[in-house]
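Enquirer: Here it is: the structure, laid out below.
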Amino acid sequence: MIDLLIVLVYFTVIMLAALGGRNRDEDTSAEAYFLSNRNLRWPSVAMSTIATNIQGYQFLGMMGSAYLYGLAQANLEINAVQGILLAAFLFVPMYLRERIITITQFIERKVGPRVALAYSLANLALFATVTLGGALFWGAYAAELVFGDYFTFISDHRALRVGALILVLGVFSAVYTYLGGLAAVVKTDIIQFSILLFGGIAVTLIAVHHLGGWSQLYEKTPQLMHLHLPADHPTLPWTMLFGLFFLNINYWCANQAVVQRSLAARSLREAQVGLMVGGLTKYLMAVIIIVPGIALFGILGENGLADPDSTFPYLVDTYLPVGLKGIILCALFASLMSTVDSTFNSLATLWSVDVYKRYLRPQATDAEMVAAGRKTILVTLLTGIGMGLTLMLVKFNNPEAAFTHTLNELRYFVNCGIVVVILSAVLLIAPVPRITLWAFVASAPLNLLIKWQFPDMNYFVRAGIVIVGLFVIFQLLPGKNRIRPLRKLLEADGRDTAWLGLGLALSLLALHLVFH
């Protein structure tokens with residue numbers, strides 16, 4: 001009862017925070033609704049960006065993977081710093097100089113309208129289905145898996161409980177995003193980030209305590225304390241770092257849902273400091289997601305869990321007291337809602353700015369753009385819930401289905417082309433629109449061809465080959481394009497910001513050397 005009361009208080013606080021202090025500008029000004037009047041300070045940029053990044057599957061899938069493979073799973077968290085640094089010093093300075101609302105506008109100015117439209121439509125399709133549906137499913141599935149007894153009042157059937165959670169959480173997130181725009185999203189993300197952090201730290205400390213202390217990670221699980229696994233490892237070979245580098249460019253530098261906070265920053269300095277603080281936070285997130293999995297393996301030994309994805313539920317059920325469990329449930333809801341609300345807001349922005357204003361109604365006023373964005377939230381709520389329910393049915397009909405990796409591959413078929421487009425727009429002096437569009441279109445067929453020829457190739461490695469291959473074949477080999485000088489690409493707001501960026505880069509290198 002105490003735990004459910006905590007959850008009720010959480011939902012009340014989220015709604016009050018989202019709707020508190022609303023002003024009429026959000027109904028009539030596109031910049032106010034989509035970019036919070038470009039007034040975000042660095043703490044908001046940092047916390048909202050990282051809260052958007054964290055999802056329920058990280059507590060289930062990634063912690064379970066850490067139970068099996070150890071520290072190597074942390075590569076997916078700590079190497080985000082690569083993409084964050086590129087965003088801070090290469091991409092975001094360009095975006096802010098152009099005073100854009102969407103990345104599509106930047107691409108159009110650099111590469112032309114057809115390429116920009118292809119980018120926007122691809123993201124709209126991905127966000128409205130895979131991103132929304134995946135976040136809703138994983139959050140609801142994780143919450144029900146860990147706290148199923150709390151939701152028996154809904155139904156005795158597990159699928160109905162998960163389906164109800166998908167529906168309720170999707171509608172709740174859509175309501176405050178619809179009413180409050182980016183300002184509401186950022187306010188709630190700050191609260192959700194704090195809950196995520198507190199809950200994650202609590203689980204980590206309790207797991208390490210029952211292991212016997214931090215030193216026992218090396219005493220009892222030394223084989224799991226390596227970042228780099230052999231190149232022939234079927235799941236997490238060290239060679240995946242190649243493709244992961246380029247995919248981080250897509251996520252942290254060319255993903256509207258993530259970059260939108262930086263576009264809304266008060267200044268370049270606020271954006272850069274916020275992103276780098278977010279980068280430091282990714283190290284902490286790696287600890288609270290990965291270490292509990294390793295610790296539980298050390299506690300249970302070789303004959304522990306039959307299903308590694310039950311790592312997080314086992315820790316919560318076995319070691320956490322009443323009250324703290326309620327906070328962990330709130331953390332799971334927060335991981336879902338912070339991703340979903342950001343995706344709703346970005347979908348509204350992409351549709352109203354890139355399609356509605358650009359092609360359907362060029363004379364549209366700001367108020368009409370906001371109205372179109374809000375309608376987009378309602379429509380994509382339906383597509384997101386539909387995809388979430390579909391994923392639920394797939395999971396329950398085939399409990400062993402590892403469709404997380406399938407969804408990743410589906411994203412990468414498109415995301416590889418997006419990386420080629422954004423690299424062309426940023427790096428090349430005069431990218432040719434027709435060639436760039438062909439490179440984008442060719443990404444999915446090339447991915448499929450390589451997968452067919454080399455079925456055992458790790459998909460991170462394959463993504464890296466596709467991106468580099470397309471960029472070289474289409475953009476560099478014809479000899480018509482030249483890369484901008486490096487000194488003209490990187491930009492820091494000040495010397496202290498530049499030194500902070502260098503320190504963050506060196507810290508990542510040090511982690512790879514120390515935990516090799």
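Each chain in the structure tokens gets a letter, A, B, ..., in the order shown, and its residues are numbered from 1; ligands are numbered from 1 in order too.
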Within 7 Å of A:Met47, counting only C-alpha atoms, which residues qualify if same-chain residues fewer than 5 places away don't, as a ChimeraX atom specification?
Expert: /A:189-190,193,278
Enquirer: Any chance you could export the current selection's N, CA and C atoms as a CSV table (one decimal), in the first residue's frame?
Expert:
```
chain,number,residue,atom,x,y,z
A,189,ASP,N,11.1,15.9,-17.0
A,189,ASP,CA,12.3,15.1,-17.2
A,189,ASP,C,13.3,15.3,-16.0
A,190,ILE,N,13.3,16.5,-15.5
A,190,ILE,CA,14.2,16.8,-14.4
A,190,ILE,C,13.8,16.0,-13.1
A,193,PHE,N,14.5,12.3,-14.0
A,193,PHE,CA,15.9,12.0,-13.9
A,193,PHE,C,16.3,11.8,-12.5
A,278,GLY,N,26.0,16.0,-19.1
A,278,GLY,CA,25.3,14.8,-19.5
A,278,GLY,C,26.2,13.7,-19.8
```
Enquirer: I'd like the neighbourhood of stretch 283-297 of chain A as a ChimeraX atom specification, where a residue qualifies if any of its atoms comes within 8 Å (using only C-alpha atoms), though same-chain residues fewer than 5 positions away should be ignored.
Expert: /A:58-59,62-68,70-71,73-74,77-78,197,200-201,203-204,207-208,211,217,221,224,302,304,311-312,315
Enquirer: Can you write just those residues out, N, CA and C atoms, as a PDB file, in the first residue's frame?
Expert:
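Below is the file that was written, selection_25.pdb:
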```pdb
ATOM      1  N   GLN A  58      16.877  -0.860 -20.501  1.00  0.00           N
ATOM      2  CA  GLN A  58      18.232  -0.805 -19.966  1.00  0.00           C
ATOM      3  C   GLN A  58      18.303  -1.471 -18.598  1.00  0.00           C
ATOM      4  N   PHE A  59      17.240  -1.339 -17.808  1.00  0.00           N
ATOM      5  CA  PHE A  59      17.220  -1.995 -16.511  1.00  0.00           C
ATOM      6  C   PHE A  59      16.994  -3.497 -16.651  1.00  0.00           C
ATOM      7  N   MET A  62      19.874  -4.610 -20.531  1.00  0.00           N
ATOM      8  CA  MET A  62      21.285  -4.291 -20.363  1.00  0.00           C
ATOM      9  C   MET A  62      21.829  -4.824 -19.037  1.00  0.00           C
ATOM     10  N   MET A  63      21.030  -4.749 -17.977  1.00  0.00           N
ATOM     11  CA  MET A  63      21.483  -5.320 -16.704  1.00  0.00           C
ATOM     12  C   MET A  63      21.591  -6.839 -16.816  1.00  0.00           C
ATOM     13  N   GLY A  64      20.662  -7.453 -17.552  1.00  0.00           N
ATOM     14  CA  GLY A  64      20.747  -8.889 -17.787  1.00  0.00           C
ATOM     15  C   GLY A  64      21.953  -9.257 -18.631  1.00  0.00           C
ATOM     16  N   SER A  65      22.256  -8.435 -19.619  1.00  0.00           N
ATOM     17  CA  SER A  65      23.446  -8.671 -20.444  1.00  0.00           C
ATOM     18  C   SER A  65      24.714  -8.527 -19.609  1.00  0.00           C
ATOM     19  N   ALA A  66      24.717  -7.564 -18.673  1.00  0.00           N
ATOM     20  CA  ALA A  66      25.869  -7.411 -17.777  1.00  0.00           C
ATOM     21  C   ALA A  66      26.031  -8.636 -16.893  1.00  0.00           C
ATOM     22  N   TYR A  67      24.938  -9.264 -16.493  1.00  0.00           N
ATOM     23  CA  TYR A  67      24.981 -10.505 -15.713  1.00  0.00           C
ATOM     24  C   TYR A  67      25.721 -11.598 -16.492  1.00  0.00           C
ATOM     25  N   LEU A  68      25.543 -11.598 -17.828  1.00  0.00           N
ATOM     26  CA  LEU A  68      26.187 -12.600 -18.667  1.00  0.00           C
ATOM     27  C   LEU A  68      27.594 -12.199 -19.101  1.00  0.00           C
ATOM     28  N   GLY A  70      29.239  -9.012 -18.385  1.00  0.00           N
ATOM     29  CA  GLY A  70      30.004  -8.124 -17.531  1.00  0.00           C
ATOM     30  C   GLY A  70      30.168  -6.717 -18.073  1.00  0.00           C
ATOM     31  N   LEU A  71      31.338  -6.162 -17.817  1.00  0.00           N
ATOM     32  CA  LEU A  71      31.604  -4.752 -18.074  1.00  0.00           C
ATOM     33  C   LEU A  71      31.544  -4.388 -19.557  1.00  0.00           C
ATOM     34  N   GLN A  73      29.257  -4.748 -21.549  1.00  0.00           N
ATOM     35  CA  GLN A  73      27.969  -4.124 -21.853  1.00  0.00           C
ATOM     36  C   GLN A  73      28.006  -2.621 -21.603  1.00  0.00           C
ATOM     37  N   ALA A  74      28.914  -2.155 -20.751  1.00  0.00           N
ATOM     38  CA  ALA A  74      29.020  -0.730 -20.445  1.00  0.00           C
ATOM     39  C   ALA A  74      29.471   0.092 -21.636  1.00  0.00           C
ATOM     40  N   GLU A  77      27.014   2.441 -22.945  1.00  0.00           N
ATOM     41  CA  GLU A  77      26.739   3.628 -22.137  1.00  0.00           C
ATOM     42  C   GLU A  77      27.895   4.629 -22.198  1.00  0.00           C
ATOM     43  N   ILE A  78      29.097   4.190 -21.866  1.00  0.00           N
ATOM     44  CA  ILE A  78      30.199   5.145 -21.740  1.00  0.00           C
ATOM     45  C   ILE A  78      30.627   5.720 -23.087  1.00  0.00           C
ATOM     46  N   LEU A 197      17.895   8.378 -10.982  1.00  0.00           N
ATOM     47  CA  LEU A 197      19.230   8.364 -10.397  1.00  0.00           C
ATOM     48  C   LEU A 197      19.186   7.789  -8.984  1.00  0.00           C
ATOM     49  N   GLY A 200      18.362   4.022  -9.118  1.00  0.00           N
ATOM     50  CA  GLY A 200      19.485   3.248  -9.643  1.00  0.00           C
ATOM     51  C   GLY A 200      20.630   3.137  -8.650  1.00  0.00           C
ATOM     52  N   ILE A 201      20.949   4.232  -7.984  1.00  0.00           N
ATOM     53  CA  ILE A 201      22.012   4.211  -6.976  1.00  0.00           C
ATOM     54  C   ILE A 201      21.641   3.281  -5.823  1.00  0.00           C
ATOM     55  N   VAL A 203      19.675   0.584  -5.843  1.00  0.00           N
ATOM     56  CA  VAL A 203      19.807  -0.809  -6.258  1.00  0.00           C
ATOM     57  C   VAL A 203      21.285  -1.206  -6.341  1.00  0.00           C
ATOM     58  N   THR A 204      22.108  -0.308  -6.874  1.00  0.00           N
ATOM     59  CA  THR A 204      23.542  -0.599  -7.002  1.00  0.00           C
ATOM     60  C   THR A 204      24.199  -0.808  -5.645  1.00  0.00           C
ATOM     61  N   ALA A 207      23.061  -4.067  -4.044  1.00  0.00           N
ATOM     62  CA  ALA A 207      23.647  -5.238  -4.703  1.00  0.00           C
ATOM     63  C   ALA A 207      25.109  -5.410  -4.301  1.00  0.00           C
ATOM     64  N   VAL A 208      25.864  -4.323  -4.298  1.00  0.00           N
ATOM     65  CA  VAL A 208      27.282  -4.393  -3.933  1.00  0.00           C
ATOM     66  C   VAL A 208      27.437  -4.768  -2.457  1.00  0.00           C
ATOM     67  N   LEU A 211      27.049  -8.386  -2.129  1.00  0.00           N
ATOM     68  CA  LEU A 211      28.215  -9.064  -2.710  1.00  0.00           C
ATOM     69  C   LEU A 211      29.364  -9.099  -1.710  1.00  0.00           C
ATOM     70  N   LEU A 217      34.022  -7.318  -6.554  1.00  0.00           N
ATOM     71  CA  LEU A 217      33.786  -7.401  -7.996  1.00  0.00           C
ATOM     72  C   LEU A 217      34.987  -8.033  -8.691  1.00  0.00           C
ATOM     73  N   THR A 221      34.247 -11.908  -9.450  1.00  0.00           N
ATOM     74  CA  THR A 221      33.853 -11.885 -10.871  1.00  0.00           C
ATOM     75  C   THR A 221      34.931 -11.232 -11.733  1.00  0.00           C
ATOM     76  N   LEU A 224      34.418 -10.868 -15.525  1.00  0.00           N
ATOM     77  CA  LEU A 224      33.389  -9.946 -16.030  1.00  0.00           C
ATOM     78  C   LEU A 224      33.828  -8.480 -15.977  1.00  0.00           C
ATOM     79  N   GLU A 302      27.807 -19.536 -10.542  1.00  0.00           N
ATOM     80  CA  GLU A 302      27.606 -20.079 -11.889  1.00  0.00           C
ATOM     81  C   GLU A 302      26.193 -20.598 -12.115  1.00  0.00           C
ATOM     82  N   GLY A 304      23.210 -19.623 -11.159  1.00  0.00           N
ATOM     83  CA  GLY A 304      22.270 -18.625 -10.680  1.00  0.00           C
ATOM     84  C   GLY A 304      20.999 -18.575 -11.494  1.00  0.00           C
ATOM     85  N   THR A 311      17.418 -10.379 -13.820  1.00  0.00           N
ATOM     86  CA  THR A 311      18.397  -9.832 -12.876  1.00  0.00           C
ATOM     87  C   THR A 311      17.811  -8.694 -12.053  1.00  0.00           C
ATOM     88  N   PHE A 312      17.266  -7.706 -12.729  1.00  0.00           N
ATOM     89  CA  PHE A 312      16.703  -6.549 -12.028  1.00  0.00           C
ATOM     90  C   PHE A 312      15.507  -6.939 -11.153  1.00  0.00           C
ATOM     91  N   LEU A 315      16.782  -8.678  -7.960  1.00  0.00           N
ATOM     92  CA  LEU A 315      17.377  -7.752  -6.986  1.00  0.00           C
ATOM     93  C   LEU A 315      16.297  -7.002  -6.216  1.00  0.00           C
TER      94      LEU A 315
END
```
Enquirer: Do a neighbour search on stretch 238-251 of chain A at 10 Å with only C-alpha atoms, toss out local chain neighbours closer than 5 positions, and write the hits as a ChimeraX atom specification.
Expert: /A:53,72,75-76,79-87,91,227-233,256-259,412,415-423,457-468,516
Enquirer: Ranking A:Asn255, A:Thr383, A:Ser36, A:Thr177 by minimum distance to A:Ser338 and counting only C-alpha atoms, which one comes first?
Expert: A:Thr177
Enquirer: Work out how far atom CA of A:Gly139 is from atom CA of A:Ala18, in Å to one decimal.
Expert: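 Those two atoms sit 20.2 Å apart.
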Enquirer: So which one's closest to A:Leu347, A:Asn397, A:Gln260, A:Thr152, A:Ser310? Using only C-alpha atoms, please.
Expert: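 Answer, going by the shortest atom-to-atom distance: A:Gln260.
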Enquirer: Run DSSP on the backbone and give me the residues of stretch 160-309 of chain A it puts in alpha helix (DSSP H), as a PyMOL selection string.
Expert: chain A and resi 160-211+216-220+240-253+256-263+268-300
Enquirer: Write out as a JSON list (two decimals) with C-alpha atoms, in the first residue's frame each polymer residue whose atoms come within 8 Å of A:Asp354, counting only C-alpha atoms; drop sequence neighbours fewer than 2 positions from it.
Expert:
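Output saved as selection13.json:
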```json
[["chain", "number", "residue", "atom", "x", "y", "z"],
["A", 102, "THR", "CA", 14.52, 21.09, -36.54],
["A", 104, "THR", "CA", 15.69, 18.97, -41.13],
["A", 105, "GLN", "CA", 15.97, 22.72, -41.68],
["A", 117, "LEU", "CA", 12.26, 15.62, -46.56],
["A", 120, "SER", "CA", 12.20, 14.03, -41.76],
["A", 349, "THR", "CA", 7.99, 19.55, -34.03],
["A", 350, "LEU", "CA", 9.05, 17.54, -37.09],
["A", 351, "TRP", "CA", 5.55, 17.34, -38.52],
["A", 352, "SER", "CA", 4.46, 20.92, -37.96],
["A", 356, "TYR", "CA", 2.88, 21.07, -42.38],
["A", 357, "LYS", "CA", 4.52, 24.51, -42.60],
["A", 358, "ARG", "CA", 6.99, 23.63, -45.36],
["A", 359, "TYR", "CA", 4.69, 21.78, -47.77]]
```
Enquirer: As number ranges by chain, please: the residues near stretch 125-129 of chain A (cut-off 9 Å, only C-alpha atoms, same-chain neighbours under 5 positions excluded).
Expert: A: 120, 134, 257, 343-344, 346-347, 379-388, 411, 414
Enquirer: Leaving out A:Tyr176 and any residue of its chain fewer than 3 positions from it, which residues lie within 12 Å of it when counting only C-alpha atoms, given as a PyMOL selection string?
Expert: chain A and resi 11-20+22+169-173+179-189+337-338+340-342+344-345+374+377-378
Enquirer: Could you write out the selected residues, including C-alpha atoms, as a PDB file, in the first residue's frame?
Expert:
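Final output, again.pdb:
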```
ATOM      1  CA  PHE A  11       1.991  10.920 -10.941  1.00  0.00           C
ATOM      2  CA  THR A  12       0.421  13.891  -9.168  1.00  0.00           C
ATOM      3  CA  VAL A  13       3.747  15.728  -8.925  1.00  0.00           C
ATOM      4  CA  ILE A  14       4.537  15.050 -12.583  1.00  0.00           C
ATOM      5  CA  MET A  15       1.235  16.466 -13.795  1.00  0.00           C
ATOM      6  CA  LEU A  16       1.420  19.514 -11.528  1.00  0.00           C
ATOM      7  CA  ALA A  17       5.010  20.210 -12.585  1.00  0.00           C
ATOM      8  CA  ALA A  18       4.143  19.832 -16.254  1.00  0.00           C
ATOM      9  CA  LEU A  19       1.190  22.190 -16.147  1.00  0.00           C
ATOM     10  CA  GLY A  20       2.467  24.628 -13.530  1.00  0.00           C
ATOM     11  CA  ARG A  22       2.026  27.578 -18.313  1.00  0.00           C
ATOM     12  CA  LEU A 169       1.201   5.557 -19.411  1.00  0.00           C
ATOM     13  CA  GLY A 170       0.995   6.513 -23.082  1.00  0.00           C
ATOM     14  CA  VAL A 171      -2.123   8.644 -22.554  1.00  0.00           C
ATOM     15  CA  PHE A 172      -0.726  10.270 -19.399  1.00  0.00           C
ATOM     16  CA  SER A 173       2.537  11.236 -21.140  1.00  0.00           C
ATOM     17  CA  LEU A 179      -0.677  20.835 -23.101  1.00  0.00           C
ATOM     18  CA  GLY A 180       2.777  22.054 -22.140  1.00  0.00           C
ATOM     19  CA  GLY A 181       5.178  21.492 -25.040  1.00  0.00           C
ATOM     20  CA  LEU A 182       8.933  21.258 -24.513  1.00  0.00           C
ATOM     21  CA  ALA A 183       8.804  23.328 -21.311  1.00  0.00           C
ATOM     22  CA  ALA A 184       6.562  20.707 -19.701  1.00  0.00           C
ATOM     23  CA  VAL A 185       8.728  17.881 -21.014  1.00  0.00           C
ATOM     24  CA  VAL A 186      11.892  19.404 -19.560  1.00  0.00           C
ATOM     25  CA  LYS A 187      10.283  20.112 -16.170  1.00  0.00           C
ATOM     26  CA  THR A 188       9.047  16.547 -15.846  1.00  0.00           C
ATOM     27  CA  ASP A 189      12.307  15.106 -17.179  1.00  0.00           C
ATOM     28  CA  MET A 337       7.697   8.591 -19.658  1.00  0.00           C
ATOM     29  CA  SER A 338      10.853  10.677 -20.113  1.00  0.00           C
ATOM     30  CA  VAL A 340       7.860   8.952 -24.565  1.00  0.00           C
ATOM     31  CA  ASP A 341       7.184  12.632 -23.818  1.00  0.00           C
ATOM     32  CA  SER A 342      10.374  13.683 -25.612  1.00  0.00           C
ATOM     33  CA  PHE A 344       5.912  13.079 -28.709  1.00  0.00           C
ATOM     34  CA  ASN A 345       7.357  16.585 -28.606  1.00  0.00           C
ATOM     35  CA  ARG A 374      -0.746  18.828 -30.950  1.00  0.00           C
ATOM     36  CA  ILE A 377       0.714  13.908 -30.656  1.00  0.00           C
ATOM     37  CA  LEU A 378      -2.816  12.463 -30.670  1.00  0.00           C
TER      38      LEU A 378
END
```
